[in-house]
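protein.txt (compact mmCIF, C-alpha atoms) appears below.
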# COMPACT_ATOMS: atom_id res chain seq x y z
CA MET A 1 -18.67 -84.48 -48.19
CA PRO A 2 -16.69 -87.70 -47.57
CA ALA A 3 -14.66 -89.73 -50.06
CA ARG A 4 -12.64 -92.82 -49.28
CA VAL A 5 -9.63 -94.07 -51.23
CA LYS A 6 -8.63 -97.72 -50.92
CA VAL A 7 -4.92 -97.29 -51.51
CA ARG A 8 -4.33 -100.89 -52.56
CA GLU A 9 -6.80 -100.39 -55.39
CA SER A 10 -5.81 -96.84 -56.31
CA PRO A 11 -2.15 -96.36 -55.34
CA GLN A 12 -1.77 -93.56 -57.91
CA LEU A 13 -3.95 -91.33 -55.74
CA LEU A 14 -1.36 -91.48 -52.95
CA GLU A 15 1.15 -89.74 -55.19
CA ARG A 16 -1.40 -87.35 -56.64
CA PHE A 17 -2.31 -86.03 -53.19
CA GLY A 18 1.12 -86.49 -51.59
CA ALA A 19 -0.17 -89.01 -49.07
CA LYS A 20 2.77 -91.03 -47.77
CA TRP A 21 1.14 -93.11 -45.07
CA THR A 22 -2.19 -94.51 -44.00
CA PRO A 23 -4.37 -93.45 -42.49
CA THR A 24 -4.16 -89.99 -44.00
CA VAL A 25 -7.16 -87.69 -44.09
CA LEU A 26 -7.24 -84.53 -46.17
CA LEU A 27 -9.72 -81.71 -45.85
CA LEU A 28 -10.06 -79.78 -49.11
CA ASP A 29 -12.00 -76.60 -49.67
CA PRO A 30 -14.71 -76.56 -52.36
CA ALA A 31 -12.11 -75.50 -54.93
CA GLY A 32 -10.09 -78.64 -54.18
CA VAL A 33 -7.29 -76.87 -52.30
CA GLU A 34 -5.97 -78.76 -49.30
CA ARG A 35 -6.63 -76.91 -46.04
CA HIS A 36 -5.77 -79.53 -43.46
CA ARG A 37 -4.01 -82.89 -43.25
CA ILE A 38 -4.24 -85.57 -40.58
CA GLU A 39 -1.60 -88.30 -40.74
CA GLY A 40 -1.77 -91.37 -38.52
CA PHE A 41 -4.40 -92.68 -36.16
CA LEU A 42 -6.08 -90.37 -33.66
CA PRO A 43 -8.62 -91.15 -30.94
CA ALA A 44 -12.13 -90.03 -31.86
CA THR A 45 -12.13 -86.79 -29.87
CA ASP A 46 -8.77 -85.70 -31.23
CA PHE A 47 -9.85 -86.63 -34.73
CA ALA A 48 -13.00 -84.52 -34.32
CA GLY A 49 -10.86 -81.63 -33.13
CA GLN A 50 -8.61 -81.89 -36.16
CA LEU A 51 -11.59 -81.98 -38.51
CA LEU A 52 -12.98 -78.84 -36.93
CA LEU A 53 -9.58 -77.19 -37.27
CA GLY A 54 -9.69 -78.03 -40.95
CA LEU A 55 -13.14 -76.55 -41.35
CA GLY A 56 -12.00 -73.46 -39.48
CA HIS A 57 -8.98 -73.04 -41.72
CA ALA A 58 -11.09 -73.55 -44.83
CA ALA A 59 -13.53 -70.87 -43.64
CA PHE A 60 -10.60 -68.58 -42.79
CA GLU A 61 -9.14 -68.94 -46.28
CA ALA A 62 -12.59 -68.12 -47.68
CA LYS A 63 -12.57 -64.98 -45.49
CA ASP A 64 -15.70 -66.22 -43.76
CA TRP A 65 -14.55 -64.91 -40.39
CA LYS A 66 -17.74 -65.74 -38.52
CA ALA A 67 -17.75 -69.35 -39.68
CA ALA A 68 -14.07 -69.66 -38.81
CA GLN A 69 -14.73 -68.37 -35.29
CA ARG A 70 -17.64 -70.79 -34.98
CA HIS A 71 -15.54 -73.83 -35.93
CA PHE A 72 -12.58 -72.84 -33.76
CA GLY A 73 -14.92 -71.93 -30.92
CA GLU A 74 -16.62 -75.30 -31.10
CA ILE A 75 -13.28 -76.96 -30.41
CA LEU A 76 -12.73 -74.77 -27.36
CA LYS A 77 -16.23 -75.44 -26.10
CA LYS A 78 -16.65 -79.14 -26.81
CA LEU A 79 -13.10 -80.49 -27.11
CA PRO A 80 -11.00 -78.27 -24.82
CA ASP A 81 -8.62 -81.07 -23.82
CA THR A 82 -7.60 -82.06 -27.33
CA ASP A 83 -4.35 -81.09 -29.01
CA ALA A 84 -6.38 -78.98 -31.44
CA ALA A 85 -7.60 -76.63 -28.73
CA PRO A 86 -4.57 -74.31 -28.34
CA GLU A 87 -4.36 -73.84 -32.10
CA ALA A 88 -8.10 -73.18 -32.18
CA GLN A 89 -7.74 -70.52 -29.50
CA TYR A 90 -5.05 -68.78 -31.53
CA TRP A 91 -6.95 -68.82 -34.81
CA LYS A 92 -10.25 -67.89 -33.21
CA GLY A 93 -8.58 -64.70 -32.01
CA VAL A 94 -7.06 -64.03 -35.41
CA SER A 95 -10.41 -64.64 -37.10
CA ARG A 96 -12.10 -62.19 -34.74
CA TYR A 97 -9.41 -59.61 -35.45
CA LYS A 98 -9.83 -60.09 -39.20
CA GLU A 99 -13.58 -59.62 -38.85
CA THR A 100 -13.43 -56.53 -36.63
CA ASN A 101 -9.99 -55.04 -37.33
CA ASP A 102 -9.96 -54.42 -33.58
CA ALA A 103 -6.66 -55.33 -31.92
CA THR A 104 -8.53 -56.03 -28.70
CA ALA A 105 -9.26 -59.46 -30.17
CA LEU A 106 -5.53 -60.21 -30.16
CA THR A 107 -4.95 -58.79 -26.69
CA GLU A 108 -7.79 -60.89 -25.32
CA THR A 109 -6.38 -63.95 -27.04
CA PHE A 110 -3.05 -63.31 -25.34
CA GLU A 111 -4.88 -63.03 -22.02
CA ALA A 112 -6.77 -66.27 -22.69
CA PHE A 113 -3.44 -68.02 -23.16
CA GLN A 114 -2.37 -66.82 -19.72
CA LYS A 115 -5.30 -68.80 -18.31
CA ARG A 116 -5.14 -71.92 -20.46
CA TYR A 117 -2.69 -73.63 -22.81
CA ARG A 118 0.06 -71.41 -21.44
CA ASP A 119 2.78 -73.95 -22.25
CA SER A 120 1.64 -74.60 -25.80
CA PRO A 121 3.57 -73.42 -28.86
CA TRP A 122 0.51 -71.36 -29.76
CA ALA A 123 0.87 -69.37 -26.54
CA LYS A 124 4.37 -68.41 -27.70
CA LYS A 125 2.97 -67.21 -31.01
CA ALA A 126 0.36 -65.13 -29.17
CA SER A 127 2.92 -63.71 -26.75
CA VAL A 128 3.59 -60.74 -29.03
CA TRP A 129 0.02 -59.58 -28.44
CA GLY A 130 0.59 -59.01 -24.74
CA PRO A 131 1.80 -55.84 -23.05
CA ALA A 132 5.26 -54.71 -24.11
CA ALA A 133 7.95 -55.86 -21.69
CA MET B 12 -25.68 -92.79 -38.79
CA ALA B 13 -23.81 -94.46 -41.62
CA ILE B 14 -21.49 -92.31 -43.70
CA GLU B 15 -22.04 -92.51 -47.44
CA TRP B 16 -18.49 -92.58 -48.72
CA MET B 17 -17.86 -91.66 -52.32
CA THR B 18 -15.11 -93.74 -53.93
CA ASP B 19 -14.61 -91.71 -57.11
CA VAL B 20 -12.35 -88.86 -56.00
CA ASP B 21 -12.78 -86.80 -59.15
CA ALA B 22 -16.56 -87.07 -58.88
CA ALA B 23 -16.30 -86.05 -55.23
CA LEU B 24 -14.14 -83.04 -56.17
CA ALA B 25 -16.70 -82.00 -58.78
CA LYS B 26 -19.56 -82.41 -56.31
CA ALA B 27 -17.72 -80.34 -53.70
CA ARG B 28 -17.14 -77.60 -56.26
CA GLU B 29 -20.77 -77.58 -57.34
CA SER B 30 -22.15 -77.61 -53.83
CA GLY B 31 -19.63 -75.21 -52.33
CA ARG B 32 -18.91 -77.66 -49.53
CA PRO B 33 -15.56 -78.93 -48.22
CA LEU B 34 -14.37 -82.40 -49.16
CA LEU B 35 -12.83 -84.91 -46.81
CA ILE B 36 -10.69 -87.63 -48.38
CA ASP B 37 -9.75 -90.66 -46.30
CA PHE B 38 -6.80 -92.70 -47.53
CA THR B 39 -7.01 -96.11 -45.96
CA ALA B 40 -5.32 -99.46 -46.32
CA ALA B 41 -7.75 -101.14 -43.96
CA PRO B 42 -10.09 -103.75 -45.41
CA MET B 43 -13.68 -102.54 -45.69
Written as structure tokens, how would this file's structure read?
Amino acid sequence: MPARVKVRESPQLLERFGAKWTPTVLLLDPAGVERHRIEGFLPATDFAGQLLLGLGHAAFEAKDWKAAQRHFGEILKKLPDTDAAPEAQYWKGVSRYKETNDATALTETFEAFQKRYRDSPWAKKASVWGPAA
Amino acid sequence: MAIEWMTDVDAALAKARESGRPLLIDFTAAPM
């Protein structure tokens, strides 16, 4: 559901939502809690990736593990070259682990980072899921 | 496909709550 705020007409909403620059896009869950924030311009594909990240995080917070995996997986499938992709790979693995309680999901996520996005900060976060040194 | 933007944020928040759907809010200074 999309809403647009014209900040020149409603500057009080900037403060209310802590938006300090335009463009800023917030993704809120149905309860009105912010789940993702995009500040500054992004090309269309990167913007789409960030929106899907937001939907994935909102689903994750709602403990809808399947929906979270679907949103994160869509980034990996359709937008694999965007900045959102390494983060999506990380959270897709975590979502699968939360759904199954099977640590294999984390091990396989570590292995996926060995093949792609190896130099990303998210690969570092997943490094603890690999074999012990 | 044109996006139907709501401009009343509180109404949009209420609609999101009722429908159980996420809400996207775009803060823009660009003329529309």
Practice prompt. Please identify every residue of chain A that has at least one atom no more than 8 Å from any atom of chain B, counting only C-alpha atoms, and report them as a VMD selection string.
Written response: chain A and resid 1 to 8 14 19 22 to 32 55 58
Selection file, C-alpha atoms, as a CSV table (one decimal), keeping the file's coordinate frame:
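Output contents, as saved in result21.csv:
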chain,number,residue,atom,x,y,z
A,1,MET,CA,-18.7,-84.5,-48.2
A,2,PRO,CA,-16.7,-87.7,-47.6
A,3,ALA,CA,-14.7,-89.7,-50.1
A,4,ARG,CA,-12.6,-92.8,-49.3
A,5,VAL,CA,-9.6,-94.1,-51.2
A,6,LYS,CA,-8.6,-97.7,-50.9
A,7,VAL,CA,-4.9,-97.3,-51.5
A,8,ARG,CA,-4.3,-100.9,-52.6
A,14,LEU,CA,-1.4,-91.5,-53.0
A,19,ALA,CA,-0.2,-89.0,-49.1
A,22,THR,CA,-2.2,-94.5,-44.0
A,23,PRO,CA,-4.4,-93.4,-42.5
A,24,THR,CA,-4.2,-90.0,-44.0
A,25,VAL,CA,-7.2,-87.7,-44.1
A,26,LEU,CA,-7.2,-84.5,-46.2
A,27,LEU,CA,-9.7,-81.7,-45.8
A,28,LEU,CA,-10.1,-79.8,-49.1
A,29,ASP,CA,-12.0,-76.6,-49.7
A,30,PRO,CA,-14.7,-76.6,-52.4
A,31,ALA,CA,-12.1,-75.5,-54.9
A,32,GLY,CA,-10.1,-78.6,-54.2
A,55,LEU,CA,-13.1,-76.6,-41.4
A,58,ALA,CA,-11.1,-73.6,-44.8
Fill in: Interatomic distance (Å, one decimal) between CA of Ser95 (chain A) and CA of Lys63 (chain A)
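CA of Lys63 (chain A) lies 8.7 Å from CA of Ser95 (chain A).
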Worksheet item: Interatomic distance between CA of Arg35 (chain A) and CA of Arg116 (chain A)?
Response: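 Interatomic distance, CA of Arg35 (chain A) to CA of Arg116 (chain A): 26.1 Å.
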Discussion item. What's around region 69-77 of chain A at 10 Å? Count only C-alpha atoms, leave out sequence neighbours fewer than 6 positions away in its own chain, and write the answer as a VMD selection string.
Written reply: chain A and resid 45 to 46 48 to 60 83 to 96 99
Store the residues of this selection in a file with C-alpha atoms, as a short mmCIF file (atom, residue, chain, number, x, y, z; two decimals), in the frame of the given file.
data_model
loop_
_atom_site.label_atom_id
_atom_site.label_comp_id
_atom_site.auth_asym_id
_atom_site.auth_seq_id
_atom_site.Cartn_x
_atom_site.Cartn_y
_atom_site.Cartn_z
CA THR A 45 -12.13 -86.79 -29.87
CA ASP A 46 -8.77 -85.70 -31.23
CA ALA A 48 -13.00 -84.52 -34.32
CA GLY A 49 -10.86 -81.63 -33.13
CA GLN A 50 -8.61 -81.89 -36.16
CA LEU A 51 -11.59 -81.98 -38.51
CA LEU A 52 -12.98 -78.84 -36.93
CA LEU A 53 -9.58 -77.19 -37.27
CA GLY A 54 -9.69 -78.03 -40.95
CA LEU A 55 -13.14 -76.55 -41.35
CA GLY A 56 -12.00 -73.46 -39.48
CA HIS A 57 -8.98 -73.04 -41.72
CA ALA A 58 -11.09 -73.55 -44.83
CA ALA A 59 -13.53 -70.87 -43.64
CA PHE A 60 -10.60 -68.58 -42.79
CA ASP A 83 -4.35 -81.09 -29.01
CA ALA A 84 -6.38 -78.98 -31.44
CA ALA A 85 -7.60 -76.63 -28.73
CA PRO A 86 -4.57 -74.31 -28.34
CA GLU A 87 -4.36 -73.84 -32.10
CA ALA A 88 -8.10 -73.18 -32.18
CA GLN A 89 -7.74 -70.52 -29.50
CA TYR A 90 -5.05 -68.78 -31.53
CA TRP A 91 -6.95 -68.82 -34.81
CA LYS A 92 -10.25 -67.89 -33.21
CA GLY A 93 -8.58 -64.70 -32.01
CA VAL A 94 -7.06 -64.03 -35.41
CA SER A 95 -10.41 -64.64 -37.10
CA ARG A 96 -12.10 -62.19 -34.74
CA GLU A 99 -13.58 -59.62 -38.85
#
Practice prompt. Work out how far apart CA of Glu15 (chain A) and CA of His36 (chain A) are and give it in Å to one decimal.
Written response: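 A separation of 17.0 Å between them.
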Coordinate excerpt as a PDB file, in the first residue's frame: region 13-27 of chain B, all heavy atoms:
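Okay, this is what ended up in decode_39.pdb:
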ATOM      1  N   ALA B  13      -0.442   2.724 -13.291  1.00  0.00           N
ATOM      2  CA  ALA B  13      -0.274   3.878 -12.416  1.00  0.00           C
ATOM      3  C   ALA B  13      -0.457   3.468 -10.952  1.00  0.00           C
ATOM      4  O   ALA B  13      -1.316   2.639 -10.630  1.00  0.00           O
ATOM      5  CB  ALA B  13      -1.291   4.947 -12.782  1.00  0.00           C
ATOM      6  N   ILE B  14       0.377   4.036 -10.110  1.00  0.00           N
ATOM      7  CA  ILE B  14       0.267   3.773  -8.673  1.00  0.00           C
ATOM      8  C   ILE B  14      -0.715   4.763  -8.065  1.00  0.00           C
ATOM      9  O   ILE B  14      -0.633   5.963  -8.328  1.00  0.00           O
ATOM     10  CB  ILE B  14       1.638   3.916  -7.988  1.00  0.00           C
ATOM     11  CG1 ILE B  14       2.610   2.890  -8.553  1.00  0.00           C
ATOM     12  CG2 ILE B  14       1.506   3.775  -6.474  1.00  0.00           C
ATOM     13  CD1 ILE B  14       4.035   3.047  -8.051  1.00  0.00           C
ATOM     14  N   GLU B  15      -1.632   4.249  -7.282  1.00  0.00           N
ATOM     15  CA  GLU B  15      -2.586   5.127  -6.601  1.00  0.00           C
ATOM     16  C   GLU B  15      -2.027   5.489  -5.228  1.00  0.00           C
ATOM     17  O   GLU B  15      -2.166   4.739  -4.268  1.00  0.00           O
ATOM     18  CB  GLU B  15      -3.942   4.431  -6.483  1.00  0.00           C
ATOM     19  CG  GLU B  15      -4.620   4.234  -7.832  1.00  0.00           C
ATOM     20  CD  GLU B  15      -6.028   3.671  -7.688  1.00  0.00           C
ATOM     21  OE1 GLU B  15      -6.595   3.749  -6.585  1.00  0.00           O
ATOM     22  OE2 GLU B  15      -6.529   3.140  -8.688  1.00  0.00           O
ATOM     23  N   TRP B  16      -1.366   6.630  -5.174  1.00  0.00           N
ATOM     24  CA  TRP B  16      -0.730   7.064  -3.936  1.00  0.00           C
ATOM     25  C   TRP B  16      -1.765   7.655  -2.991  1.00  0.00           C
ATOM     26  O   TRP B  16      -2.539   8.516  -3.382  1.00  0.00           O
ATOM     27  CB  TRP B  16       0.336   8.123  -4.222  1.00  0.00           C
ATOM     28  CG  TRP B  16       1.506   7.635  -5.000  1.00  0.00           C
ATOM     29  CD1 TRP B  16       1.696   7.734  -6.351  1.00  0.00           C
ATOM     30  CD2 TRP B  16       2.655   6.964  -4.477  1.00  0.00           C
ATOM     31  NE1 TRP B  16       2.898   7.161  -6.699  1.00  0.00           N
ATOM     32  CE2 TRP B  16       3.508   6.688  -5.576  1.00  0.00           C
ATOM     33  CE3 TRP B  16       3.049   6.577  -3.203  1.00  0.00           C
ATOM     34  CZ2 TRP B  16       4.739   6.044  -5.428  1.00  0.00           C
ATOM     35  CZ3 TRP B  16       4.272   5.937  -3.054  1.00  0.00           C
ATOM     36  CH2 TRP B  16       5.101   5.679  -4.156  1.00  0.00           C
ATOM     37  N   MET B  17      -1.730   7.220  -1.746  1.00  0.00           N
ATOM     38  CA  MET B  17      -2.531   7.895  -0.737  1.00  0.00           C
ATOM     39  C   MET B  17      -1.708   9.080  -0.221  1.00  0.00           C
ATOM     40  O   MET B  17      -0.475   9.011  -0.170  1.00  0.00           O
ATOM     41  CB  MET B  17      -2.863   6.945   0.416  1.00  0.00           C
ATOM     42  CG  MET B  17      -3.736   5.767   0.004  1.00  0.00           C
ATOM     43  SD  MET B  17      -4.171   4.688   1.402  1.00  0.00           S
ATOM     44  CE  MET B  17      -5.295   5.740   2.332  1.00  0.00           C
ATOM     45  N   THR B  18      -2.360  10.159   0.144  1.00  0.00           N
ATOM     46  CA  THR B  18      -1.626  11.324   0.638  1.00  0.00           C
ATOM     47  C   THR B  18      -1.908  11.599   2.113  1.00  0.00           C
ATOM     48  O   THR B  18      -1.257  12.435   2.713  1.00  0.00           O
ATOM     49  CB  THR B  18      -1.985  12.575  -0.199  1.00  0.00           C
ATOM     50  OG1 THR B  18      -3.399  12.758  -0.189  1.00  0.00           O
ATOM     51  CG2 THR B  18      -1.500  12.423  -1.639  1.00  0.00           C
ATOM     52  N   ASP B  19      -2.878  10.894   2.670  1.00  0.00           N
ATOM     53  CA  ASP B  19      -3.185  11.020   4.096  1.00  0.00           C
ATOM     54  C   ASP B  19      -2.497   9.850   4.810  1.00  0.00           C
ATOM     55  O   ASP B  19      -2.946   8.701   4.738  1.00  0.00           O
ATOM     56  CB  ASP B  19      -4.696  10.965   4.309  1.00  0.00           C
ATOM     57  CG  ASP B  19      -5.084  11.163   5.776  1.00  0.00           C
ATOM     58  OD1 ASP B  19      -4.260  10.835   6.661  1.00  0.00           O
ATOM     59  OD2 ASP B  19      -6.213  11.614   6.036  1.00  0.00           O
ATOM     60  N   VAL B  20      -1.378  10.160   5.473  1.00  0.00           N
ATOM     61  CA  VAL B  20      -0.565   9.101   6.081  1.00  0.00           C
ATOM     62  C   VAL B  20      -1.320   8.349   7.164  1.00  0.00           C
ATOM     63  O   VAL B  20      -1.238   7.121   7.263  1.00  0.00           O
ATOM     64  CB  VAL B  20       0.751   9.687   6.639  1.00  0.00           C
ATOM     65  CG1 VAL B  20       1.483   8.669   7.497  1.00  0.00           C
ATOM     66  CG2 VAL B  20       1.646  10.122   5.485  1.00  0.00           C
ATOM     67  N   ASP B  21      -2.071   9.069   7.974  1.00  0.00           N
ATOM     68  CA  ASP B  21      -2.799   8.387   9.050  1.00  0.00           C
ATOM     69  C   ASP B  21      -3.881   7.462   8.489  1.00  0.00           C
ATOM     70  O   ASP B  21      -4.109   6.372   9.018  1.00  0.00           O
ATOM     71  CB  ASP B  21      -3.399   9.413  10.022  1.00  0.00           C
ATOM     72  CG  ASP B  21      -2.315  10.046  10.884  1.00  0.00           C
ATOM     73  OD1 ASP B  21      -1.511   9.295  11.454  1.00  0.00           O
ATOM     74  OD2 ASP B  21      -2.253  11.276  10.948  1.00  0.00           O
ATOM     75  N   ALA B  22      -4.521   7.892   7.409  1.00  0.00           N
ATOM     76  CA  ALA B  22      -5.512   7.027   6.764  1.00  0.00           C
ATOM     77  C   ALA B  22      -4.810   5.801   6.164  1.00  0.00           C
ATOM     78  O   ALA B  22      -5.340   4.686   6.220  1.00  0.00           O
ATOM     79  CB  ALA B  22      -6.251   7.803   5.682  1.00  0.00           C
ATOM     80  N   ALA B  23      -3.631   6.018   5.613  1.00  0.00           N
ATOM     81  CA  ALA B  23      -2.878   4.899   5.034  1.00  0.00           C
ATOM     82  C   ALA B  23      -2.451   3.912   6.124  1.00  0.00           C
ATOM     83  O   ALA B  23      -2.507   2.693   5.945  1.00  0.00           O
ATOM     84  CB  ALA B  23      -1.656   5.430   4.284  1.00  0.00           C
ATOM     85  N   LEU B  24      -2.025   4.441   7.280  1.00  0.00           N
ATOM     86  CA  LEU B  24      -1.656   3.574   8.405  1.00  0.00           C
ATOM     87  C   LEU B  24      -2.856   2.742   8.863  1.00  0.00           C
ATOM     88  O   LEU B  24      -2.733   1.544   9.142  1.00  0.00           O
ATOM     89  CB  LEU B  24      -1.130   4.415   9.570  1.00  0.00           C
ATOM     90  CG  LEU B  24       0.298   4.952   9.424  1.00  0.00           C
ATOM     91  CD1 LEU B  24       0.544   6.089  10.417  1.00  0.00           C
ATOM     92  CD2 LEU B  24       1.315   3.843   9.631  1.00  0.00           C
ATOM     93  N   ALA B  25      -4.003   3.386   8.924  1.00  0.00           N
ATOM     94  CA  ALA B  25      -5.220   2.676   9.358  1.00  0.00           C
ATOM     95  C   ALA B  25      -5.594   1.596   8.341  1.00  0.00           C
ATOM     96  O   ALA B  25      -5.964   0.476   8.720  1.00  0.00           O
ATOM     97  CB  ALA B  25      -6.362   3.675   9.528  1.00  0.00           C
ATOM     98  N   LYS B  26      -5.468   1.925   7.070  1.00  0.00           N
ATOM     99  CA  LYS B  26      -5.817   0.966   6.019  1.00  0.00           C
ATOM    100  C   LYS B  26      -4.853  -0.222   6.041  1.00  0.00           C
ATOM    101  O   LYS B  26      -5.265  -1.372   5.845  1.00  0.00           O
ATOM    102  CB  LYS B  26      -5.784   1.654   4.659  1.00  0.00           C
ATOM    103  CG  LYS B  26      -6.465   0.890   3.554  1.00  0.00           C
ATOM    104  CD  LYS B  26      -6.611   1.756   2.313  1.00  0.00           C
ATOM    105  CE  LYS B  26      -7.269   0.962   1.191  1.00  0.00           C
ATOM    106  NZ  LYS B  26      -7.387   1.757  -0.047  1.00  0.00           N
ATOM    107  N   ALA B  27      -3.575   0.057   6.290  1.00  0.00           N
ATOM    108  CA  ALA B  27      -2.589  -1.027   6.366  1.00  0.00           C
ATOM    109  C   ALA B  27      -2.921  -1.955   7.536  1.00  0.00           C
ATOM    110  O   ALA B  27      -2.848  -3.182   7.426  1.00  0.00           O
ATOM    111  CB  ALA B  27      -1.187  -0.447   6.533  1.00  0.00           C
TER     112      ALA B  27
END
